[in-house]
Amino acid sequence: MAKLEYYFDPLSEPCRSVQLFLEANKIPYEPKLTDLLSDENRKEEFKKINPLQTVPAIVDGDFKMFESVAILQYLAAKFSTPDHWYPSEITKRARIDEYLHWHHMNTRWKGGLLVVMKYLYQPHYYKEDISEEDKKASIVALKATLDAFEKYFLQDHPFIAGDEISIADLMAIEELIEPDIIGVYVGKGRPRVEAWHNNIKIALGSVYDQVHQPLYQHMEDVKNLVPPIDY
Amino acid sequence: MSKIDFYSHLGSQPCRAVQIFMKMNNIPFNYHHIDLAKGEQKSEAYLKINPLGKVPAIKDGDFVVAESMAILEYLAAKFSTPDHWYPKDAAARAKINEYLCWHHANTREGATGVFVHVAIEPTIRQQPRNEEAIKASKTKLSATLDMIENYFLKGTSFISSNEISIADLLALNEFTELDGIGIDVGKNRPNIKAWKERVTAKIGSHYDESHEVLNAFIKQLNLATESFE
């Protein structure tokens with residue numbers, strides 16, 4: 001079997017979600033680094049891989065696709081990974097599907113990335129003027145998302161789906177730890193979120209730090225760019 | 001097998017998609033109208049059923065599912081509907097899932113954006129027409145339609161497939177809302193035009209039945225036809 005080609009940027013949250021899954025399940029793949037900050041995704045060759053020009057994207061023989069959640073669902077089926085990742089029992093699966101669909105316009109849209117955009121990327125990388133009001137609004141949005149996440153999805157379970165880790169946790173955790181980049185930790189004052197984060201680290205073992213290495217480096221590189229945020 | 005309890009308002013696009021799916025597959029259900037105008041979705045009684053406070057939701061015995069896509073996926077599995085609705089083959093399913101993921105921030109966001117700015121703000125919310133917002137939402141809608149025209153319908157009769165699936169029901173219902181304000185998404189896009197006709201034909205009589213509420217609602221808003229390329 002030819003190796004899966006995996007197009008990704010380790011600083012992109014959905015890319016890390018998929019990479020955690022690939023590594024945790026020892027799925028062989030050829031890493032294809034696609035650096036977003038230098039617009040590698042805008043190149044013509046990448047358009048042939050994914051006309052939407054987003055990462056992550058995969059090429060599996062003749063088969064190509066994008067969208068991280070859909071990729072995770074595909075990989076779970078194709079590689080027959082342990083059932084807990086995406087259970088086949090329909091009520092357990094429905095619980096995870098509920099989260100995965102809610103994720104797009106909530107955790108992804110109004111989560112960690114929004115905060116990092118407003119405080120770091122937009123002012124420092126894109127040289128845009130972001131008002132203090134806009135910045136504070138992003139924190140408010142993140143907190144609302146966390147409230148909903150805890151209340152409806154995490155509740156008192158160790159993981160979103162219950163007792164075992166699933167693809168839902170991989171999608172959620174990467175968006176929610178993103179603001180670590182600017183010193184905002186979503187587990188602060190939220191013991192259930194902090195416990196969930198630790199559960200994920202334990203479940204993934206050394207794979208967790210391995211996949212997050214570039215993110216840790218990035219955090220070092222930018223640590224003096226943003227003054228401490230009141231969170 | 002007992003009936004599915006279906007919590008819905010047919011003015012909502014995802015509610016229509018779920019209803020049409022159940023009707024086309026002869027899935028018996030009890031319809032529960034949730035009065036969105038009166039905020040019934042946030043009532044104590046409804047929040048006990050769906051704590052997320054949104055429609056659609058279904059209850060299968062004691063088991064509640066929210067999020068239209070999760071509902072459709074659950075029903076397809078539970079009722080073993082014909083495979084084309086949500087194919088079991090990993091690659092075929094992946095292509096449908098690819099669309100479903102993209103739909104949220106694109107088709108839904110694009111179409112709803114235009115509809116809210118054009119049809120809801122100046123009427124129900126009694127706000128002046130926000131021309132800047134309308135222009136921006138039309139640009140977003142246009143980009144969304146280009147992607148559907150050139151990728152999701154490229155070489156296939158339906159979204160990423162040669163047979164109808166849950167993706168088509170979800171997409172179509174975002175666009176039927178725009179029909180009501182005179183925006184035909186197939187106007188300058190032949191793949192979309194043909195696809196729309198195909199999907200509508202497949203839905204048959206369930207189409208008009210599911211659109212009664214929406215059509216009545218839009219009619220009484222008395223809006224002029226909106227321009228869109």
# chains A, B, ... in the order shown; residues from 1 in each chain; ligands from 1

call {"tool": "interface_residues", "arguments": {"of": "chain A", "to": "chain B", "cutoff": "6 Å", "atoms": "only C-alpha atoms", "output": "number ranges by chain"}}
result
A: 67, 70, 74, 94, 97-98

call {"tool": "select_by_dssp", "arguments": {"residues": "segment 162-197 of chain B", "states": "helix (DSSP H, G or I)", "output": "ChimeraX atom specification"}}
result
/B:166-179,190-197

call {"tool": "atom_distance", "arguments": {"atom1": "atom CA of Thr54 of chain A", "atom2": "atom CA of Gln19 of chain A"}}
result
15.4 Å

call {"tool": "residues_around", "arguments": {"residues": "segment 194-199 of chain B", "least_positions_apart": "6", "cutoff": "9 Å", "atoms": "only C-alpha atoms", "output": "ChimeraX atom specification"}}
result
/B:153,157-159,164,168-169,172,175,185-186

call {"tool": "closest_residue", "arguments": {"among": "A:Pro82, A:Pro179, A:Pro31, A:Pro158", "to": "Tyr121 of chain A", "atoms": "only C-alpha atoms"}}
result
A:Pro179

call {"tool": "residues_around", "arguments": {"residues": "segment 169-172 of chain A", "least_positions_apart": "3", "cutoff": "6 Å", "atoms": "only C-alpha atoms", "output": "MDAnalysis selection string"}}
result
chainID A and resid 17 166 175

call {"tool": "closest_residue", "arguments": {"among": "A:Arg16, A:Lys118, A:Lys110, A:Lys32", "to": "Ser68 of chain A", "atoms": "only C-alpha atoms"}}
result
A:Arg16

call {"tool": "residues_around", "arguments": {"residues": "segment 137-145 of chain A", "least_positions_apart": "6", "cutoff": "10 Å", "atoms": "only C-alpha atoms", "output": "VMD selection string"}}
result
chain A and resid 103 106 to 119 131 151 176 179 184 186 229 to 231

call {"tool": "closest_residue", "arguments": {"among": "B:Ala17, B:Ile58, B:Met24, B:Ala133", "to": "Thr176 of chain B", "atoms": "only C-alpha atoms"}}
result
B:Ala17

call {"tool": "closest_residue", "arguments": {"among": "A:Pro227, A:Thr81, A:Tyr152, A:Ile90", "to": "Leu47 of chain B", "atoms": "only C-alpha atoms"}}
result
A:Tyr152

call {"tool": "closest_residue", "arguments": {"among": "A:His197, A:His124, A:Arg93, A:Lys26", "to": "Leu154 of chain A", "atoms": "only C-alpha atoms"}}
result
A:His197

call {"tool": "atom_distance", "arguments": {"atom1": "atom CA of Thr81 of chain B", "atom2": "atom CA of Leu100 of chain A"}}
result
22.3 Å

call {"tool": "select_by_dssp", "arguments": {"residues": "segment 8-206 of chain A", "states": "strand (DSSP E or B)", "output": "JSON, numbers by chain"}}
result
{"A": [8, 29, 30, 31, 32, 33, 57, 58, 59, 60, 63, 64, 65, 66, 159, 162]}

call {"tool": "residues_around", "arguments": {"residues": "segment 208-213 of chain B", "least_positions_apart": "5", "cutoff": "8 Å", "atoms": "only C-alpha atoms", "output": "list of chain:residue names"}}
result
B:Leu10, B:Gly11, B:Arg16, B:Gln19, B:Ile20

call {"tool": "write_last_selection", "arguments": {"atoms": "C-alpha atoms", "output": "PDB file, in the first residue's frame"}}
result
ATOM      1  CA  LEU B  10     -40.434  24.595   8.920  1.00  0.00           C
ATOM      2  CA  GLY B  11     -39.176  28.125   8.423  1.00  0.00           C
ATOM      3  CA  ARG B  16     -37.009  21.099   6.233  1.00  0.00           C
ATOM      4  CA  GLN B  19     -38.537  16.408   7.425  1.00  0.00           C
ATOM      5  CA  ILE B  20     -38.050  15.769   3.718  1.00  0.00           C
TER       6      ILE B  20
END

call {"tool": "residues_around", "arguments": {"residues": "Asp5 of chain B", "least_positions_apart": "2", "cutoff": "7 Å", "atoms": "only C-alpha atoms", "output": "short mmCIF file (atom, residue, chain, number, x, y, z; two decimals) with C-alpha atoms, in the first residue's frame"}}
result
data_model
loop_
_atom_site.label_atom_id
_atom_site.label_comp_id
_atom_site.auth_asym_id
_atom_site.auth_seq_id
_atom_site.Cartn_x
_atom_site.Cartn_y
_atom_site.Cartn_z
CA LYS B 3 -42.45 6.95 16.11
CA TYR B 7 -39.08 19.09 17.12
CA PHE B 29 -42.73 10.68 13.15
CA ASN B 30 -44.75 12.85 15.51
CA TYR B 31 -44.37 16.49 14.50
CA ILE B 58 -35.36 14.37 17.44
CA LYS B 59 -36.23 12.01 20.25
CA ASP B 60 -36.07 8.27 19.58
#

call {"tool": "atom_distance", "arguments": {"atom1": "atom CA of Leu4 of chain A", "atom2": "atom CA of Ile27 of chain A"}}
result
8.4 Å

call {"tool": "decode", "arguments": {"residues": "segment 175-186 of chain A", "atoms": "N, CA and C atoms", "output": "short mmCIF file (atom, residue, chain, number, x, y, z; two decimals), in the first residue's frame"}}
result
data_model
loop_
_atom_site.label_atom_id
_atom_site.label_comp_id
_atom_site.auth_asym_id
_atom_site.auth_seq_id
_atom_site.Cartn_x
_atom_site.Cartn_y
_atom_site.Cartn_z
N GLU A 175 -8.29 23.42 19.14
CA GLU A 175 -8.82 24.79 19.10
C GLU A 175 -8.73 25.43 20.48
N LEU A 176 -8.95 24.62 21.52
CA LEU A 176 -9.04 25.20 22.86
C LEU A 176 -7.68 25.46 23.50
N ILE A 177 -6.63 24.75 23.08
CA ILE A 177 -5.32 25.08 23.65
C ILE A 177 -4.56 26.10 22.80
N GLU A 178 -5.14 26.48 21.69
CA GLU A 178 -4.49 27.47 20.80
C GLU A 178 -4.12 28.75 21.55
N PRO A 179 -5.00 29.29 22.43
CA PRO A 179 -4.62 30.54 23.08
C PRO A 179 -3.49 30.41 24.10
N ASP A 180 -2.98 29.20 24.32
CA ASP A 180 -1.75 29.04 25.11
C ASP A 180 -0.65 29.90 24.48
N ILE A 181 -0.74 30.06 23.18
CA ILE A 181 0.26 30.84 22.43
C ILE A 181 0.44 32.23 23.04
N ILE A 182 -0.68 32.80 23.53
CA ILE A 182 -0.60 34.14 24.11
C ILE A 182 -0.86 34.11 25.61
N GLY A 183 -0.58 32.96 26.22
CA GLY A 183 -0.65 32.87 27.68
C GLY A 183 -2.04 32.76 28.26
N VAL A 184 -3.02 32.42 27.44
CA VAL A 184 -4.38 32.25 27.96
C VAL A 184 -4.68 30.75 28.03
N TYR A 185 -4.89 30.24 29.23
CA TYR A 185 -5.13 28.79 29.37
C TYR A 185 -6.59 28.54 29.72
N VAL A 186 -7.27 27.81 28.83
CA VAL A 186 -8.72 27.63 29.01
C VAL A 186 -9.09 26.78 30.22
#
